[in-house]
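Student: My structure is in data05.cif, and what it holds is mmCIF, C-alpha atoms, pLDDT in the B column; chains and numbers go by the auth columns:
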```cif
data_coords
#
loop_
_atom_site.group_PDB
_atom_site.id
_atom_site.type_symbol
_atom_site.label_atom_id
_atom_site.label_comp_id
_atom_site.label_asym_id
_atom_site.label_seq_id
_atom_site.Cartn_x
_atom_site.Cartn_y
_atom_site.Cartn_z
_atom_site.B_iso_or_equiv
_atom_site.auth_seq_id
_atom_site.auth_asym_id
ATOM 1 C CA MET A 1 127.726 -25.443 112.563 56.00 1050 A
ATOM 2 C CA ALA A 2 128.056 -21.856 113.786 73.00 1051 A
ATOM 3 C CA ASP A 3 128.376 -21.220 117.514 84.00 1052 A
ATOM 4 C CA PRO A 4 125.178 -19.384 118.605 90.00 1053 A
ATOM 5 C CA GLY A 5 127.089 -17.463 121.263 92.00 1054 A
ATOM 6 C CA ALA A 6 129.625 -16.132 118.770 95.00 1055 A
ATOM 7 C CA VAL A 7 126.882 -15.114 116.339 96.00 1056 A
ATOM 8 C CA LEU A 8 124.960 -13.364 119.110 97.00 1057 A
ATOM 9 C CA ASP A 9 128.107 -11.451 120.061 98.00 1058 A
ATOM 10 C CA ASP A 10 128.500 -10.304 116.461 98.00 1059 A
ATOM 11 C CA LEU A 11 124.799 -9.439 116.255 98.00 1060 A
ATOM 12 C CA LEU A 12 125.239 -7.243 119.311 98.00 1061 A
ATOM 13 C CA SER A 13 128.180 -5.471 117.676 98.00 1062 A
ATOM 14 C CA GLU A 14 126.309 -5.003 114.399 98.00 1063 A
ATOM 15 C CA GLY A 15 123.382 -3.407 116.206 98.00 1064 A
ATOM 16 C CA GLU A 16 125.665 -1.126 118.174 98.00 1065 A
ATOM 17 C CA GLU A 17 127.367 0.060 114.980 98.00 1066 A
ATOM 18 C CA LEU A 18 124.055 1.011 113.387 98.00 1067 A
ATOM 19 C CA ASP A 19 122.889 2.555 116.664 98.00 1068 A
ATOM 20 C CA GLY A 20 125.930 4.803 116.479 98.00 1069 A
ATOM 21 C CA LEU A 21 124.816 6.069 113.073 98.00 1070 A
ATOM 22 C CA VAL A 22 121.316 7.081 114.157 98.00 1071 A
ATOM 23 C CA ALA A 23 121.576 7.909 117.860 98.00 1072 A
ATOM 24 C CA GLY A 24 122.821 11.447 117.336 95.00 1073 A
ATOM 25 C CA LEU A 25 120.552 12.371 114.438 98.00 1074 A
ATOM 26 C CA PRO A 26 118.198 15.330 114.873 98.00 1075 A
ATOM 27 C CA PRO A 27 114.512 14.305 114.674 97.00 1076 A
ATOM 28 C CA GLU A 28 114.069 15.732 111.186 98.00 1077 A
ATOM 29 C CA ALA A 29 116.901 13.562 109.826 98.00 1078 A
ATOM 30 C CA TRP A 30 114.880 10.422 110.537 98.00 1079 A
ATOM 31 C CA ALA A 31 112.630 11.462 107.660 98.00 1080 A
ATOM 32 C CA ALA A 32 115.524 11.369 105.177 98.00 1081 A
ATOM 33 C CA PRO A 33 114.818 9.028 102.233 98.00 1082 A
ATOM 34 C CA THR A 34 116.861 5.838 101.866 97.00 1083 A
ATOM 35 C CA PRO A 35 117.506 3.811 98.692 95.00 1084 A
ATOM 36 C CA ALA A 36 114.427 1.667 99.452 94.00 1085 A
ATOM 37 C CA PRO A 37 111.455 3.314 97.705 93.00 1086 A
ATOM 38 C CA ARG A 38 109.215 5.241 100.130 95.00 1087 A
ATOM 39 C CA TRP A 39 111.304 4.194 103.140 97.00 1088 A
ATOM 40 C CA THR A 40 112.958 6.778 105.346 98.00 1089 A
ATOM 41 C CA ILE A 41 115.589 6.153 107.988 98.00 1090 A
ATOM 42 C CA ALA A 42 112.698 5.792 110.441 98.00 1091 A
ATOM 43 C CA HIS A 43 111.168 3.053 108.287 98.00 1092 A
ATOM 44 C CA GLN A 44 114.463 1.155 108.254 98.00 1093 A
ATOM 45 C CA ILE A 45 114.788 1.194 112.042 98.00 1094 A
ATOM 46 C CA ALA A 46 111.080 0.445 112.490 98.00 1095 A
ATOM 47 C CA HIS A 47 111.438 -2.603 110.249 98.00 1096 A
ATOM 48 C CA LEU A 48 114.358 -3.891 112.300 98.00 1097 A
ATOM 49 C CA ALA A 49 112.390 -3.331 115.501 98.00 1098 A
ATOM 50 C CA TRP A 50 109.419 -5.230 114.076 97.00 1099 A
ATOM 51 C CA THR A 51 111.489 -8.185 112.879 96.00 1100 A
ATOM 52 C CA ASP A 52 113.223 -8.314 116.249 97.00 1101 A
ATOM 53 C CA GLU A 53 109.772 -8.567 117.843 97.00 1102 A
ATOM 54 C CA GLN A 54 108.931 -11.438 115.500 96.00 1103 A
ATOM 55 C CA ALA A 55 112.168 -13.242 116.401 97.00 1104 A
ATOM 56 C CA VAL A 56 111.420 -12.925 120.106 98.00 1105 A
ATOM 57 C CA LEU A 57 107.867 -14.197 119.582 97.00 1106 A
ATOM 58 C CA SER A 58 109.188 -17.140 117.562 97.00 1107 A
ATOM 59 C CA ALA A 59 111.595 -18.052 120.368 97.00 1108 A
ATOM 60 C CA THR A 60 109.175 -17.557 123.273 97.00 1109 A
ATOM 61 C CA ASP A 61 105.758 -18.496 121.831 97.00 1110 A
ATOM 62 C CA PRO A 62 106.143 -20.468 118.592 96.00 1111 A
ATOM 63 C CA GLU A 63 102.422 -21.172 118.268 96.00 1112 A
ATOM 64 C CA ALA A 64 101.541 -17.482 118.534 96.00 1113 A
ATOM 65 C CA PHE A 65 104.236 -16.645 116.002 96.00 1114 A
ATOM 66 C CA THR A 66 102.911 -19.249 113.564 94.00 1115 A
ATOM 67 C CA ARG A 67 99.419 -17.793 113.790 93.00 1116 A
ATOM 68 C CA GLN A 68 100.683 -14.252 113.337 89.00 1117 A
ATOM 69 C CA ALA A 69 102.936 -15.231 110.442 89.00 1118 A
ATOM 70 C CA ALA A 70 100.008 -16.925 108.687 89.00 1119 A
ATOM 71 C CA GLN A 71 98.010 -13.701 108.975 86.00 1120 A
ATOM 72 C CA ALA A 72 100.908 -11.634 107.687 82.00 1121 A
ATOM 73 C CA LEU A 73 101.478 -13.928 104.731 77.00 1122 A
ATOM 74 C CA GLU A 74 97.884 -13.427 103.633 83.00 1123 A
ATOM 75 C CA ALA A 75 99.159 -10.041 102.414 83.00 1124 A
ATOM 76 C CA PRO A 76 102.686 -10.965 101.238 79.00 1125 A
ATOM 77 C CA ASP A 77 103.180 -7.802 99.205 78.00 1126 A
ATOM 78 C CA THR A 78 102.222 -5.348 101.941 88.00 1127 A
ATOM 79 C CA PHE A 79 102.739 -6.729 105.446 90.00 1128 A
ATOM 80 C CA VAL A 80 106.403 -5.689 105.696 90.00 1129 A
ATOM 81 C CA ASP A 81 105.688 -2.154 104.489 93.00 1130 A
ATOM 82 C CA ASP A 82 102.626 -1.864 106.724 94.00 1131 A
ATOM 83 C CA ALA A 83 104.629 -2.800 109.819 94.00 1132 A
ATOM 84 C CA ALA A 84 107.403 -0.362 108.898 97.00 1133 A
ATOM 85 C CA GLU A 85 104.856 2.398 108.338 97.00 1134 A
ATOM 86 C CA ARG A 86 103.327 1.899 111.768 97.00 1135 A
ATOM 87 C CA GLY A 87 106.706 1.947 113.470 98.00 1136 A
ATOM 88 C CA ALA A 88 107.973 4.948 111.530 98.00 1137 A
ATOM 89 C CA ALA A 89 105.034 6.992 112.827 98.00 1138 A
ATOM 90 C CA ARG A 90 106.556 6.957 116.308 98.00 1139 A
ATOM 91 C CA PRO A 91 108.620 9.927 117.483 98.00 1140 A
ATOM 92 C CA PRO A 92 112.278 9.183 116.663 98.00 1141 A
ATOM 93 C CA ALA A 93 113.377 9.023 120.310 98.00 1142 A
ATOM 94 C CA ALA A 94 110.615 6.519 121.127 98.00 1143 A
ATOM 95 C CA LEU A 95 111.399 4.454 118.038 98.00 1144 A
ATOM 96 C CA LEU A 96 115.092 4.346 118.908 98.00 1145 A
ATOM 97 C CA GLU A 97 114.356 3.200 122.457 98.00 1146 A
ATOM 98 C CA HIS A 98 111.889 0.595 121.179 98.00 1147 A
ATOM 99 C CA TRP A 99 114.513 -0.795 118.801 98.00 1148 A
ATOM 100 C CA ARG A 100 117.107 -0.925 121.561 98.00 1149 A
ATOM 101 C CA GLU A 101 114.746 -2.803 123.846 98.00 1150 A
ATOM 102 C CA GLY A 102 113.971 -5.258 121.059 98.00 1151 A
ATOM 103 C CA ARG A 103 117.636 -5.927 120.370 98.00 1152 A
ATOM 104 C CA ALA A 104 118.193 -6.740 124.025 98.00 1153 A
ATOM 105 C CA ALA A 105 115.125 -8.992 124.041 98.00 1154 A
ATOM 106 C CA VAL A 106 116.460 -10.926 121.038 98.00 1155 A
ATOM 107 C CA GLN A 107 119.736 -11.532 122.844 98.00 1156 A
ATOM 108 C CA ARG A 108 117.942 -12.867 125.918 98.00 1157 A
ATOM 109 C CA ALA A 109 115.444 -14.982 123.990 98.00 1158 A
ATOM 110 C CA LEU A 110 117.970 -16.653 121.714 98.00 1159 A
ATOM 111 C CA ALA A 111 120.634 -17.147 124.376 97.00 1160 A
ATOM 112 C CA GLY A 112 118.066 -18.974 126.508 96.00 1161 A
ATOM 113 C CA GLN A 113 117.138 -21.564 123.868 96.00 1162 A
ATOM 114 C CA PRO A 114 118.016 -25.240 124.445 94.00 1163 A
ATOM 115 C CA ALA A 115 120.575 -26.957 122.252 88.00 1164 A
ATOM 116 C CA GLY A 116 119.064 -28.147 118.992 92.00 1165 A
ATOM 117 C CA ALA A 117 116.058 -25.838 119.154 95.00 1166 A
ATOM 118 C CA ARG A 118 114.312 -25.073 115.845 96.00 1167 A
ATOM 119 C CA LEU A 119 112.448 -21.798 115.583 97.00 1168 A
ATOM 120 C CA PRO A 120 109.623 -21.071 113.123 95.00 1169 A
ATOM 121 C CA TRP A 121 110.085 -18.241 110.664 91.00 1170 A
ATOM 122 C CA PHE A 122 108.573 -16.779 107.497 86.00 1171 A
ATOM 123 C CA GLY A 123 110.678 -19.220 105.501 77.00 1172 A
ATOM 124 C CA PRO A 124 111.913 -22.627 106.724 81.00 1173 A
ATOM 125 C CA PRO A 125 112.396 -23.154 110.502 91.00 1174 A
ATOM 126 C CA MET A 126 115.775 -22.013 111.805 91.00 1175 A
ATOM 127 C CA SER A 127 118.307 -23.096 114.381 95.00 1176 A
ATOM 128 C CA VAL A 128 119.228 -20.548 117.033 96.00 1177 A
ATOM 129 C CA ALA A 129 122.485 -19.763 115.227 95.00 1178 A
ATOM 130 C CA SER A 130 120.640 -19.316 111.934 94.00 1179 A
ATOM 131 C CA MET A 131 118.056 -17.043 113.533 95.00 1180 A
ATOM 132 C CA ALA A 132 120.820 -14.898 115.029 97.00 1181 A
ATOM 133 C CA THR A 133 122.572 -14.884 111.659 96.00 1182 A
ATOM 134 C CA GLY A 134 119.360 -13.769 110.001 95.00 1183 A
ATOM 135 C CA ARG A 135 118.985 -10.918 112.458 97.00 1184 A
ATOM 136 C CA LEU A 136 122.598 -9.877 111.837 98.00 1185 A
ATOM 137 C CA MET A 137 122.078 -10.017 108.069 97.00 1186 A
ATOM 138 C CA GLU A 138 118.979 -7.820 108.309 97.00 1187 A
ATOM 139 C CA THR A 139 120.710 -5.373 110.645 98.00 1188 A
ATOM 140 C CA TRP A 140 123.666 -5.080 108.296 98.00 1189 A
ATOM 141 C CA ALA A 141 121.524 -4.749 105.162 98.00 1190 A
ATOM 142 C CA HIS A 142 119.160 -2.120 106.536 98.00 1191 A
ATOM 143 C CA GLY A 143 122.130 -0.433 108.140 98.00 1192 A
ATOM 144 C CA GLN A 144 123.567 -0.147 104.637 98.00 1193 A
ATOM 145 C CA ASP A 145 120.413 1.678 103.565 98.00 1194 A
ATOM 146 C CA VAL A 146 120.802 4.070 106.483 98.00 1195 A
ATOM 147 C CA ALA A 147 124.493 4.610 105.733 98.00 1196 A
ATOM 148 C CA ASP A 148 123.704 5.301 102.076 97.00 1197 A
ATOM 149 C CA ALA A 149 121.051 7.821 103.090 98.00 1198 A
ATOM 150 C CA LEU A 150 123.544 9.603 105.327 98.00 1199 A
ATOM 151 C CA GLY A 151 126.394 9.431 102.836 97.00 1200 A
ATOM 152 C CA VAL A 152 128.468 7.342 105.248 97.00 1201 A
ATOM 153 C CA LYS A 153 130.933 4.754 103.971 96.00 1202 A
ATOM 154 C CA ARG A 154 131.100 1.888 106.452 96.00 1203 A
ATOM 155 C CA THR A 155 134.236 -0.156 106.987 97.00 1204 A
ATOM 156 C CA PRO A 156 133.572 -3.847 106.195 98.00 1205 A
ATOM 157 C CA THR A 157 134.207 -6.231 109.091 98.00 1206 A
ATOM 158 C CA ALA A 158 134.633 -9.968 109.541 97.00 1207 A
ATOM 159 C CA ARG A 159 130.960 -10.037 110.593 98.00 1208 A
ATOM 160 C CA LEU A 160 130.185 -10.122 106.885 98.00 1209 A
ATOM 161 C CA ARG A 161 131.046 -13.814 106.965 98.00 1210 A
ATOM 162 C CA HIS A 162 127.667 -14.444 108.614 97.00 1211 A
ATOM 163 C CA VAL A 163 125.897 -12.543 105.842 98.00 1212 A
ATOM 164 C CA ALA A 164 127.822 -14.443 103.187 98.00 1213 A
ATOM 165 C CA ARG A 165 127.032 -17.771 104.826 96.00 1214 A
ATOM 166 C CA ILE A 166 123.302 -17.164 104.940 95.00 1215 A
ATOM 167 C CA GLY A 167 123.421 -15.914 101.362 96.00 1216 A
ATOM 168 C CA VAL A 168 124.994 -19.186 100.253 97.00 1217 A
ATOM 169 C CA ARG A 169 122.632 -21.313 102.351 94.00 1218 A
ATOM 170 C CA ALA A 170 119.597 -19.459 100.977 93.00 1219 A
ATOM 171 C CA ARG A 171 120.479 -20.311 97.371 96.00 1220 A
ATOM 172 C CA ASP A 172 117.655 -22.811 96.821 95.00 1221 A
ATOM 173 C CA PHE A 173 115.132 -20.543 98.570 91.00 1222 A
ATOM 174 C CA ALA A 174 115.820 -17.859 95.956 94.00 1223 A
ATOM 175 C CA TYR A 175 114.664 -20.303 93.277 95.00 1224 A
ATOM 176 C CA LEU A 176 111.689 -21.476 95.361 92.00 1225 A
ATOM 177 C CA ALA A 177 110.561 -17.880 95.911 90.00 1226 A
ATOM 178 C CA ARG A 178 110.350 -17.460 92.127 93.00 1227 A
ATOM 179 C CA GLY A 179 108.749 -20.810 91.393 94.00 1228 A
ATOM 180 C CA LEU A 180 111.923 -22.071 89.715 95.00 1229 A
ATOM 181 C CA PRO A 181 113.664 -25.448 90.113 95.00 1230 A
ATOM 182 C CA ALA A 182 116.912 -25.236 92.048 96.00 1231 A
ATOM 183 C CA PRO A 183 120.110 -26.707 90.572 96.00 1232 A
ATOM 184 C CA GLY A 184 120.806 -30.237 91.713 94.00 1233 A
ATOM 185 C CA GLU A 185 124.469 -29.633 92.529 96.00 1234 A
ATOM 186 C CA GLU A 186 126.150 -27.283 94.982 97.00 1235 A
ATOM 187 C CA PHE A 187 128.291 -24.402 93.770 98.00 1236 A
ATOM 188 C CA ARG A 188 131.721 -23.455 95.009 98.00 1237 A
ATOM 189 C CA VAL A 189 131.765 -19.943 96.465 98.00 1238 A
ATOM 190 C CA GLU A 190 135.123 -18.277 97.126 98.00 1239 A
ATOM 191 C CA LEU A 191 135.066 -14.797 98.637 98.00 1240 A
ATOM 192 C CA THR A 192 137.845 -12.474 99.731 98.00 1241 A
ATOM 193 C CA GLY A 193 137.117 -11.155 103.225 98.00 1242 A
ATOM 194 C CA PRO A 194 137.876 -7.604 104.362 97.00 1243 A
ATOM 195 C CA ASP A 195 141.234 -8.665 105.804 96.00 1244 A
ATOM 196 C CA GLY A 196 142.264 -10.632 102.707 97.00 1245 A
ATOM 197 C CA GLU A 197 141.297 -14.029 104.119 97.00 1246 A
ATOM 198 C CA MET A 198 139.583 -16.411 101.691 98.00 1247 A
ATOM 199 C CA TRP A 199 136.098 -17.539 102.712 98.00 1248 A
ATOM 200 C CA GLU A 200 135.139 -20.818 101.064 98.00 1249 A
ATOM 201 C CA PHE A 201 131.737 -22.499 100.800 98.00 1250 A
ATOM 202 C CA GLY A 202 130.725 -25.636 98.928 98.00 1251 A
ATOM 203 C CA PRO A 203 132.740 -28.474 97.384 97.00 1252 A
ATOM 204 C CA ALA A 204 136.212 -27.540 96.173 97.00 1253 A
ATOM 205 C CA ASP A 205 135.685 -29.586 93.005 97.00 1254 A
ATOM 206 C CA ALA A 206 132.273 -28.156 92.109 98.00 1255 A
ATOM 207 C CA PRO A 207 132.211 -27.416 88.352 96.00 1256 A
ATOM 208 C CA GLN A 208 130.307 -24.154 88.843 98.00 1257 A
ATOM 209 C CA ARG A 209 131.554 -21.399 91.112 98.00 1258 A
ATOM 210 C CA VAL A 210 131.147 -17.841 92.302 98.00 1259 A
ATOM 211 C CA THR A 211 134.085 -15.606 93.219 98.00 1260 A
ATOM 212 C CA GLY A 212 134.674 -12.037 94.307 98.00 1261 A
ATOM 213 C CA PRO A 213 134.967 -9.677 97.277 98.00 1262 A
ATOM 214 C CA ALA A 214 132.885 -10.703 100.291 98.00 1263 A
ATOM 215 C CA LEU A 215 131.449 -7.186 100.588 98.00 1264 A
ATOM 216 C CA ASP A 216 130.198 -7.260 97.008 98.00 1265 A
ATOM 217 C CA PHE A 217 128.668 -10.707 97.450 98.00 1266 A
ATOM 218 C CA CYS A 218 126.865 -9.540 100.586 98.00 1267 A
ATOM 219 C CA LEU A 219 125.564 -6.450 98.809 98.00 1268 A
ATOM 220 C CA LEU A 220 124.333 -8.738 96.030 98.00 1269 A
ATOM 221 C CA VAL A 221 122.504 -11.334 98.141 98.00 1270 A
ATOM 222 C CA THR A 222 120.875 -8.656 100.302 97.00 1271 A
ATOM 223 C CA GLN A 223 119.921 -6.822 97.078 96.00 1272 A
ATOM 224 C CA ARG A 224 121.633 -3.607 98.194 97.00 1273 A
ATOM 225 C CA ALA A 225 123.429 -3.132 94.880 96.00 1274 A
ATOM 226 C CA HIS A 226 122.931 -4.161 91.275 96.00 1275 A
ATOM 227 C CA ARG A 227 124.977 -7.059 90.028 96.00 1276 A
ATOM 228 C CA GLY A 228 126.439 -4.909 87.267 96.00 1277 A
ATOM 229 C CA ASP A 229 128.019 -2.616 89.861 96.00 1278 A
ATOM 230 C CA LEU A 230 129.746 -5.429 91.739 98.00 1279 A
ATOM 231 C CA ALA A 231 132.883 -7.504 91.193 98.00 1280 A
ATOM 232 C CA VAL A 232 131.164 -10.862 91.746 98.00 1281 A
ATOM 233 C CA ARG A 233 131.744 -13.364 88.978 98.00 1282 A
ATOM 234 C CA ALA A 234 130.162 -16.697 88.055 98.00 1283 A
ATOM 235 C CA GLU A 235 131.531 -19.699 86.204 98.00 1284 A
ATOM 236 C CA GLY A 236 128.785 -21.892 84.765 98.00 1285 A
ATOM 237 C CA PRO A 237 125.250 -21.138 83.550 97.00 1286 A
ATOM 238 C CA ASP A 238 123.454 -22.105 86.757 97.00 1287 A
ATOM 239 C CA ALA A 239 125.801 -20.074 88.940 98.00 1288 A
ATOM 240 C CA ASP A 240 125.343 -17.144 86.577 98.00 1289 A
ATOM 241 C CA ARG A 241 121.566 -17.426 86.820 97.00 1290 A
ATOM 242 C CA TRP A 242 121.750 -17.559 90.615 98.00 1291 A
ATOM 243 C CA LEU A 243 123.552 -14.240 90.790 97.00 1292 A
ATOM 244 C CA ASP A 244 120.602 -12.660 88.981 96.00 1293 A
ATOM 245 C CA ILE A 245 118.059 -13.872 91.568 96.00 1294 A
ATOM 246 C CA ALA A 246 120.037 -14.367 94.790 96.00 1295 A
ATOM 247 C CA GLN A 247 118.377 -13.254 98.017 95.00 1296 A
ATOM 248 C CA SER A 248 119.419 -13.899 101.591 93.00 1297 A
ATOM 249 C CA PHE A 249 116.098 -12.862 103.143 87.00 1298 A
ATOM 250 C CA ALA A 250 112.826 -14.741 103.634 79.00 1299 A
ATOM 251 C CA GLY A 251 109.692 -13.636 101.847 75.00 1300 A
ATOM 252 C CA PRO A 252 108.833 -12.763 98.275 76.00 1301 A
ATOM 253 C CA PRO A 253 111.539 -11.688 95.810 82.00 1302 A
ATOM 254 C CA GLY A 254 112.610 -8.097 96.136 75.00 1303 A
ATOM 255 C CA PRO A 255 112.822 -5.682 93.189 77.00 1304 A
ATOM 256 C CA GLY A 256 116.550 -5.221 93.717 81.00 1305 A
ATOM 257 C CA ARG A 257 118.419 -2.015 92.960 86.00 1306 A
ATOM 258 C CA ALA A 258 118.874 -0.222 89.681 85.00 1307 A
ATOM 259 C CA PRO A 259 122.419 -0.125 88.264 88.00 1308 A
ATOM 260 C CA SER A 260 124.426 2.969 89.115 82.00 1309 A
ATOM 261 C CA GLY A 261 126.144 2.989 85.770 54.00 1310 A
ATOM 262 C CA GLY A 262 129.559 2.232 87.287 44.00 1311 A
ATOM 263 C CA ALA A 263 129.933 -1.440 86.483 41.00 1312 A
ATOM 264 C CA ALA A 264 132.707 -3.181 88.408 41.00 1313 A
#
```
Can you dump the structure from the file as structure tokens?
Tutor:
Amino acid sequence: MADPGAVLDDLLSEGEELDGLVAGLPPEAWAAPTPAPRWTIAHQIAHLAWTDEQAVLSATDPEAFTRQAAQALEAPDTFVDDAAERGAARPPAALLEHWREGRAAVQRALAGQPAGARLPWFGPPMSVASMATGRLMETWAHGQDVADALGVKRTPTARLRHVARIGVRARDFAYLARGLPAPGEEFRVELTGPDGEMWEFGPADAPQRVTGPALDFCLLVTQRAHRGDLAVRAEGPDADRWLDIAQSFAGPPGPGRAPSGGAA
């Protein structure tokens, strides 16, 4: 089980890295389009601010969160975009400050949870460590959209291990989100981290497996790149199918990204 304190430390660092990308932007740059259709840089940061608010509400008032989540899920195809649209309408300086305040509130709310706490979410309830991991995954993924919009190539870090872990753990949810039966057996996942270390998940003797660079796997499960452009490989029909539908985020399946034409 992941140490919540260590994950929160990495979440803090991930937020600070993205903050460094946007803090010095002129106001007009916040309107730059990102790879997500109709989303600007402002929409990306507004979405992170909104999901941080939801995480704080889940940790501090679970009943209120459950009611609000039920209302949001009545419009599953629009509630995320609607929240991003509202936030993106703020002046960039106000939006940036709002996001910073929300990040700090997440740190306080999650650090103050008792051992063994389970927090409601839009998918299954989460432990504190899993909630922090989810926030880190979202920050990294939407930060990738911002980096792509700015033409910035980010250096992968060991924090990707959290993204990879939640991607592996969310395997069955990807099937559930599409109304498909999940495989009955675990897969072996072997990923090469940024420093060359091997990250291993699942039984060593599993007959089906997934291998490749950790960065590529994280881009795949967050749907930030098309499978054909990544060096992630599957052995076995079920593992191969998973790579076509993998998602590390709660909610309905995303449309994914179109191939760039440069298959790995």
Student: CA of Gly1172 in chain A to CA of Ala1283 in chain A: how many Å, to one decimal?
Tutor: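 Interatomic distance here is 26.3 Å.
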Student: Could you check how far CA of Gly1192 in chain A sits from CA of Ile1090 in chain A, in Å to one decimal?
Tutor: 9.3 Å
Student: Would you kindly return, as a short mmCIF file (atom, residue, chain, number, x, y, z; two decimals) with C-alpha atoms, in the coordinates of the input, each protein, DNA or RNA residue with an atom no farther than 10 Å from any atom of range 1054-1070 of chain A, considering only C-alpha atoms and excluding same-chain residues fewer than 2 positions away?
Tutor:
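Written out: result_36.cif:
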```cif
data_model
loop_
_atom_site.label_atom_id
_atom_site.label_comp_id
_atom_site.auth_asym_id
_atom_site.auth_seq_id
_atom_site.Cartn_x
_atom_site.Cartn_y
_atom_site.Cartn_z
CA ALA A 1051 128.06 -21.86 113.79
CA ASP A 1052 128.38 -21.22 117.51
CA ALA A 1072 121.58 7.91 117.86
CA GLY A 1073 122.82 11.45 117.34
CA LEU A 1074 120.55 12.37 114.44
CA ILE A 1094 114.79 1.19 112.04
CA LEU A 1097 114.36 -3.89 112.30
CA LEU A 1145 115.09 4.35 118.91
CA TRP A 1148 114.51 -0.80 118.80
CA ARG A 1149 117.11 -0.92 121.56
CA ARG A 1152 117.64 -5.93 120.37
CA ALA A 1153 118.19 -6.74 124.02
CA VAL A 1155 116.46 -10.93 121.04
CA GLN A 1156 119.74 -11.53 122.84
CA ARG A 1157 117.94 -12.87 125.92
CA LEU A 1159 117.97 -16.65 121.71
CA ALA A 1160 120.63 -17.15 124.38
CA VAL A 1177 119.23 -20.55 117.03
CA ALA A 1178 122.48 -19.76 115.23
CA SER A 1179 120.64 -19.32 111.93
CA MET A 1180 118.06 -17.04 113.53
CA ALA A 1181 120.82 -14.90 115.03
CA THR A 1182 122.57 -14.88 111.66
CA GLY A 1183 119.36 -13.77 110.00
CA ARG A 1184 118.98 -10.92 112.46
CA LEU A 1185 122.60 -9.88 111.84
CA MET A 1186 122.08 -10.02 108.07
CA GLU A 1187 118.98 -7.82 108.31
CA THR A 1188 120.71 -5.37 110.64
CA TRP A 1189 123.67 -5.08 108.30
CA HIS A 1191 119.16 -2.12 106.54
CA GLY A 1192 122.13 -0.43 108.14
CA GLN A 1193 123.57 -0.15 104.64
CA VAL A 1195 120.80 4.07 106.48
CA ALA A 1196 124.49 4.61 105.73
CA LEU A 1199 123.54 9.60 105.33
CA VAL A 1201 128.47 7.34 105.25
CA ARG A 1203 131.10 1.89 106.45
CA THR A 1206 134.21 -6.23 109.09
CA ALA A 1207 134.63 -9.97 109.54
CA ARG A 1208 130.96 -10.04 110.59
CA LEU A 1209 130.18 -10.12 106.88
CA HIS A 1211 127.67 -14.44 108.61
#
```
Student: Given 6 Å of margin on each side, can you work out the centre and size in Å (one decimal) of an axis-aligned box holding every listed atom of range 1197-1207 of chain A, as lines of an AutoDock Vina configuration file?
Tutor:
```
center_x = 127.8
center_y = -0.2
center_z = 105.8
size_x = 25.6
size_y = 31.6
size_z = 19.5
```
Student: If the PyMOL selection byres ((chain A and resi 1080) around 12) is run on the structure shown, which residues does it catch, given as a PDB file with C-alpha atoms, keeping the file's coordinate frame?
Tutor:
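See expr24.pdb below for the written result:
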```pdb
ATOM      1  CA  VAL A1071     121.316   7.081 114.157  1.00 98.00           C
ATOM      2  CA  LEU A1074     120.552  12.371 114.438  1.00 98.00           C
ATOM      3  CA  PRO A1075     118.198  15.330 114.873  1.00 98.00           C
ATOM      4  CA  PRO A1076     114.512  14.305 114.674  1.00 97.00           C
ATOM      5  CA  GLU A1077     114.069  15.732 111.186  1.00 98.00           C
ATOM      6  CA  ALA A1078     116.901  13.562 109.826  1.00 98.00           C
ATOM      7  CA  TRP A1079     114.880  10.422 110.537  1.00 98.00           C
ATOM      8  CA  ALA A1081     115.524  11.369 105.177  1.00 98.00           C
ATOM      9  CA  PRO A1082     114.818   9.028 102.233  1.00 98.00           C
ATOM     10  CA  THR A1083     116.861   5.838 101.866  1.00 97.00           C
ATOM     11  CA  ARG A1087     109.215   5.241 100.130  1.00 95.00           C
ATOM     12  CA  TRP A1088     111.304   4.194 103.140  1.00 97.00           C
ATOM     13  CA  THR A1089     112.958   6.778 105.346  1.00 98.00           C
ATOM     14  CA  ILE A1090     115.589   6.153 107.988  1.00 98.00           C
ATOM     15  CA  ALA A1091     112.698   5.792 110.441  1.00 98.00           C
ATOM     16  CA  HIS A1092     111.168   3.053 108.287  1.00 98.00           C
ATOM     17  CA  GLN A1093     114.463   1.155 108.254  1.00 98.00           C
ATOM     18  CA  ILE A1094     114.788   1.194 112.042  1.00 98.00           C
ATOM     19  CA  GLU A1134     104.856   2.398 108.338  1.00 97.00           C
ATOM     20  CA  ALA A1137     107.973   4.948 111.530  1.00 98.00           C
ATOM     21  CA  ALA A1138     105.034   6.992 112.827  1.00 98.00           C
ATOM     22  CA  ARG A1139     106.556   6.957 116.308  1.00 98.00           C
ATOM     23  CA  PRO A1140     108.620   9.927 117.483  1.00 98.00           C
ATOM     24  CA  PRO A1141     112.278   9.183 116.663  1.00 98.00           C
ATOM     25  CA  VAL A1195     120.802   4.070 106.483  1.00 98.00           C
ATOM     26  CA  ALA A1198     121.051   7.821 103.090  1.00 98.00           C
ATOM     27  CA  LEU A1199     123.544   9.603 105.327  1.00 98.00           C
TER      28      LEU A1199
END
```
Student: For each of A:Leu1106, A:Ala1085, A:Leu1240, A:Met1247, take the minimum atom-to-atom distance to Ala1118 in chain A, counting only C-alpha atoms, then give the residue where this is smallest.
Tutor: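 With only C-alpha atoms as the atom set, the closest residue is A:Leu1106.
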Student: What gap, in Å, lies between CA of Asp1254 in chain A and CA of Phe1236 in chain A?
Tutor: 9.1 Å
Student: I would like the residues chosen by the PyMOL selection byres ((chain A and resi 1294-1307) around 7) on the shown file; could you give them as a ChimeraX atom specification?
Tutor: /A:1171-1172,1215-1216,1219-1220,1223,1226-1227,1270-1275,1290-1293,1308-1309
Student: Since I can't run it myself right now, could you work out what the PyMOL selection byres ((chain A and resi 1117) around 12) selects here and report it as a list in words?
Tutor: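 Applying the PyMOL selection byres ((chain A and resi 1117) around 12) to the structure shown produces Glu1102, Gln1103, Ala1104, Leu1106, Ser1107, Asp1110, Pro1111, Glu1112, Ala1113, Phe1114, Thr1115, Arg1116, Ala1118, Ala1119, Gln1120, Ala1121, Leu1122, Glu1123, Ala1124, Phe1128, Pro1169, Trp1170 and Phe1171 of chain A.
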